[in-house]
Amino acid sequence: KASSMEALSLSLSPPVILTQDELKKIAAYKAVEFVKSGMVLGLGTGSTAKHAVDRIGELLRQGKLNNIIGIPTSKKTQEQAISLGIPLSDLDSHPTIDLAIDGADEVDPHLNLVKGRGGSLLREKMVEGACKKFVCIVDESKLVKYLGGSGFALPVEVVPFCWKFTADKLKNLFRDSGCVVKLRNDCKGQPFVTDNGNYIVELYLKKEIGGLQVASDAILRIAGVVEHGMFLDMATTVIVAGELGITINKK
Ligand code: 5RP
């Protein structure tokens, strides 16, 4: 699969030391070059996607883009887009999206992703699953050898009703990987509540998951689970910004 991917590297010259946020912005601006007037756009969530949404707003204001319709993946992005004057709609009215641009927490060599550190994984998966093209934008720190390889958790959105029961089922599913489960808290130490009124259970896995699709199906079969943060075979392009330049990886 990896060999069928096309990678294009663009060097940044002269070499400069950039902050992580500057790299995120470079990846985001590159992705916005794929946007054409008249498109229905999935608008991602997070600090990388925020740069892309800002740029789309700027190009609209300058009259360099016209007739864009944005489908936001979170309430936060919706507010940002409204403040920038980006016309918005939803999946009910626009079930097919031309292009979505969004960040990720991890990208593996097959362009599978982990998303959801910002807690918007359900709406992101719905919107990005409805796209003809999904351009994922990351700085190079997000590249991993395998999903879970960064040491961060795999987020799973669960219904609040008896969430401990659901968390135990998840822990049991990954017992061979030495799985630790934790409920995500907000900054006040209260359960983090998603835009959909649900909780997030974080799965810390000590080993690589063998068979991602099988694991995905097994997680989704647990009744209290709403969605998980593995985005398998969804990104059509991943733009990676690093100290040495931009790499555009296509499926
Ligand atoms: C939110 C996400 C974000 O896209 C992901 O967490 C990356 O965030 P950032 O661009 O801030 O690093 O999935 O649910």
# chains A, B, ... in the order shown; residues from 1 in each chain; ligands from 1

$ residues_around --residues "Val144 of chain A" --least-positions-apart "6" --cutoff "12 Å" --atoms "only C-alpha atoms" --output "MDAnalysis selection string"
chainID A and resid 104:114 138 150:152 208

$ write_last_selection --atoms "N, CA and C atoms" --output "compact mmCIF listing (two decimals), in the first residue's frame"
# COMPACT_ATOMS: atom_id res chain seq x y z
N ALA A 104 -4.44 16.16 12.17
CA ALA A 104 -4.46 14.81 12.77
C ALA A 104 -3.47 14.78 13.92
N ASP A 105 -3.65 13.80 14.80
CA ASP A 105 -2.72 13.62 15.92
C ASP A 105 -1.61 12.65 15.56
N GLU A 106 -1.92 11.70 14.70
CA GLU A 106 -0.92 10.73 14.23
C GLU A 106 -1.21 10.38 12.76
N VAL A 107 -0.14 10.16 12.02
CA VAL A 107 -0.26 9.67 10.63
C VAL A 107 0.70 8.50 10.48
N ASP A 108 0.19 7.33 10.05
CA ASP A 108 1.10 6.19 9.86
C ASP A 108 1.57 6.12 8.41
N PRO A 109 2.49 5.23 8.08
CA PRO A 109 3.04 5.20 6.71
C PRO A 109 2.00 4.90 5.63
N HIS A 110 0.83 4.35 6.01
CA HIS A 110 -0.23 4.06 5.02
C HIS A 110 -1.27 5.18 4.96
N LEU A 111 -0.96 6.30 5.62
CA LEU A 111 -1.85 7.47 5.69
C LEU A 111 -3.12 7.19 6.50
N ASN A 112 -3.06 6.19 7.39
CA ASN A 112 -4.12 6.05 8.39
C ASN A 112 -3.84 7.07 9.49
N LEU A 113 -4.92 7.54 10.12
CA LEU A 113 -4.78 8.64 11.08
C LEU A 113 -5.35 8.26 12.44
N VAL A 114 -4.84 8.96 13.47
CA VAL A 114 -5.59 9.09 14.72
C VAL A 114 -5.98 10.55 14.83
N VAL A 138 -0.45 18.22 8.54
CA VAL A 138 0.27 18.01 9.81
C VAL A 138 1.68 18.59 9.73
N SER A 150 2.84 7.31 19.07
CA SER A 150 3.33 8.55 19.69
C SER A 150 3.21 8.50 21.21
N GLY A 151 2.53 7.46 21.71
CA GLY A 151 2.36 7.36 23.16
C GLY A 151 1.11 8.08 23.64
N PHE A 152 0.45 8.80 22.73
CA PHE A 152 -0.80 9.44 23.12
C PHE A 152 -1.94 8.43 22.98
N GLU A 208 1.57 -2.11 19.50
CA GLU A 208 0.90 -1.84 18.24
C GLU A 208 -0.35 -2.72 18.13

$ residues_around --residues "Ile97 of chain A" --least-positions-apart "2" --cutoff "12 Å" --atoms "only C-alpha atoms" --output "PyMOL selection string"
chain A and resi 35+38-43+68-72+89-95+99-101+126-134

$ atom_distance --atom1 "atom CA of Ala7 of chain A" --atom2 "atom CA of Lys25 of chain A"
19.8 Å

$ residues_near_ligand --ligand "ligand 1" --cutoff "10 Å" --atoms "only C-alpha atoms and all ligand atoms" --output "ChimeraX atom specification"
/A:20-21,24-25,28,44-51,73-74,101-106,113-125,136-139,141-142,155,194,229-231

$ write_last_selection --atoms "N, CA and C atoms" --output "short mmCIF file (atom, residue, chain, number, x, y, z; two decimals), in the first residue's frame"
data_model
loop_
_atom_site.label_atom_id
_atom_site.label_comp_id
_atom_site.auth_asym_id
_atom_site.auth_seq_id
_atom_site.Cartn_x
_atom_site.Cartn_y
_atom_site.Cartn_z
N GLN A 20 6.58 24.91 15.65
CA GLN A 20 5.59 23.90 15.25
C GLN A 20 4.37 24.59 14.64
N ASP A 21 3.99 25.73 15.22
CA ASP A 21 2.81 26.42 14.69
C ASP A 21 3.06 26.97 13.29
N LYS A 24 2.64 24.10 10.97
CA LYS A 24 1.20 23.82 10.80
C LYS A 24 0.59 24.79 9.78
N LYS A 25 1.01 26.05 9.88
CA LYS A 25 0.47 27.07 8.99
C LYS A 25 0.91 26.82 7.53
N ALA A 28 -1.14 24.05 6.20
CA ALA A 28 -2.51 24.51 5.98
C ALA A 28 -2.63 25.36 4.71
N GLY A 44 -12.05 21.57 9.02
CA GLY A 44 -11.56 20.78 10.15
C GLY A 44 -11.46 21.55 11.45
N THR A 45 -11.01 20.84 12.47
CA THR A 45 -10.92 21.40 13.83
C THR A 45 -9.50 21.20 14.37
N GLY A 46 -9.06 22.17 15.16
CA GLY A 46 -7.73 22.07 15.78
C GLY A 46 -6.86 23.23 15.33
N SER A 47 -5.66 23.29 15.90
CA SER A 47 -4.80 24.45 15.65
C SER A 47 -4.25 24.48 14.22
N THR A 48 -4.11 23.32 13.57
CA THR A 48 -3.63 23.29 12.18
C THR A 48 -4.78 23.67 11.24
N ALA A 49 -5.91 23.04 11.44
CA ALA A 49 -7.08 23.34 10.59
C ALA A 49 -7.50 24.81 10.73
N LYS A 50 -7.27 25.38 11.91
CA LYS A 50 -7.65 26.78 12.13
C LYS A 50 -6.93 27.70 11.12
N HIS A 51 -5.66 27.38 10.85
CA HIS A 51 -4.92 28.19 9.86
C HIS A 51 -5.57 28.07 8.47
N THR A 73 -16.69 21.02 11.27
CA THR A 73 -16.62 19.74 11.98
C THR A 73 -16.74 19.91 13.50
N SER A 74 -16.98 21.13 13.95
CA SER A 74 -17.16 21.35 15.39
C SER A 74 -17.84 22.70 15.60
N ILE A 101 -10.38 19.71 4.66
CA ILE A 101 -9.01 19.95 5.12
C ILE A 101 -9.04 19.87 6.64
N ASP A 102 -8.20 18.98 7.19
CA ASP A 102 -8.21 18.83 8.66
C ASP A 102 -6.86 18.29 9.13
N GLY A 103 -6.56 18.53 10.38
CA GLY A 103 -5.33 18.06 11.00
C GLY A 103 -5.47 16.63 11.49
N ALA A 104 -4.44 16.16 12.17
CA ALA A 104 -4.46 14.81 12.77
C ALA A 104 -3.47 14.78 13.92
N ASP A 105 -3.65 13.80 14.80
CA ASP A 105 -2.72 13.62 15.92
C ASP A 105 -1.61 12.65 15.56
N GLU A 106 -1.92 11.70 14.70
CA GLU A 106 -0.92 10.73 14.23
C GLU A 106 -1.21 10.38 12.76
N LEU A 113 -4.92 7.54 10.12
CA LEU A 113 -4.78 8.64 11.08
C LEU A 113 -5.35 8.26 12.44
N VAL A 114 -4.84 8.96 13.47
CA VAL A 114 -5.59 9.09 14.72
C VAL A 114 -5.98 10.55 14.83
N LYS A 115 -7.25 10.78 15.11
CA LYS A 115 -7.75 12.13 15.32
C LYS A 115 -8.59 12.16 16.60
N GLY A 116 -8.87 13.38 17.05
CA GLY A 116 -9.79 13.50 18.17
C GLY A 116 -9.21 14.05 19.45
N ARG A 117 -7.93 14.48 19.41
CA ARG A 117 -7.40 15.08 20.64
C ARG A 117 -8.18 16.34 20.98
N GLY A 118 -8.74 16.97 19.95
CA GLY A 118 -9.59 18.14 20.19
C GLY A 118 -11.02 17.75 20.53
N GLY A 119 -11.32 16.46 20.47
CA GLY A 119 -12.65 15.99 20.90
C GLY A 119 -13.71 16.05 19.82
N SER A 120 -13.32 16.30 18.57
CA SER A 120 -14.35 16.49 17.52
C SER A 120 -14.42 15.31 16.56
N LEU A 121 -13.96 14.16 17.00
CA LEU A 121 -13.77 13.04 16.08
C LEU A 121 -15.05 12.58 15.39
N LEU A 122 -16.19 12.65 16.07
CA LEU A 122 -17.43 12.14 15.45
C LEU A 122 -17.82 13.00 14.25
N ARG A 123 -17.91 14.32 14.48
CA ARG A 123 -18.31 15.20 13.36
C ARG A 123 -17.25 15.18 12.27
N GLU A 124 -15.98 15.09 12.69
CA GLU A 124 -14.90 15.02 11.68
C GLU A 124 -15.06 13.77 10.83
N LYS A 125 -15.37 12.65 11.48
CA LYS A 125 -15.48 11.40 10.69
C LYS A 125 -16.70 11.45 9.78
N CYS A 136 -5.28 15.91 4.61
CA CYS A 136 -4.88 16.01 6.02
C CYS A 136 -3.60 16.83 6.11
N ILE A 137 -3.54 17.71 7.08
CA ILE A 137 -2.40 18.63 7.19
C ILE A 137 -1.74 18.48 8.56
N VAL A 138 -0.45 18.22 8.54
CA VAL A 138 0.27 18.01 9.81
C VAL A 138 1.68 18.59 9.73
N ASP A 139 2.24 18.85 10.91
CA ASP A 139 3.69 19.08 10.98
C ASP A 139 4.32 17.71 11.20
N SER A 141 5.96 16.25 13.39
CA SER A 141 5.91 15.57 14.69
C SER A 141 4.76 14.55 14.75
N LYS A 142 3.82 14.64 13.81
CA LYS A 142 2.65 13.76 13.84
C LYS A 142 2.89 12.41 13.15
N PRO A 155 -8.61 8.16 21.25
CA PRO A 155 -9.87 8.59 21.87
C PRO A 155 -11.08 7.82 21.34
N THR A 194 -18.34 16.35 24.66
CA THR A 194 -18.18 16.67 23.24
C THR A 194 -19.33 17.55 22.75
N GLY A 229 -11.34 7.31 17.22
CA GLY A 229 -10.49 8.27 16.51
C GLY A 229 -9.57 7.69 15.45
N MET A 230 -9.70 6.39 15.12
CA MET A 230 -8.89 5.87 14.01
C MET A 230 -9.60 6.21 12.70
N PHE A 231 -8.91 6.89 11.82
CA PHE A 231 -9.45 7.25 10.50
C PHE A 231 -8.68 6.40 9.49
#

$ select_by_dssp --residues "segment 167-204 of chain A" --states "helix (DSSP H, G or I)" --output "list in words"
Ala167, Asp168, Lys169, Leu170, Lys171, Asn172, Leu173, Arg175, Asp176 and Ser177 of chain A

$ closest_residue --among "A:Glu33, A:Asp98, A:Asp168, A:Glu58" --to "Ile86 of chain A" --atoms "only C-alpha atoms"
A:Glu58
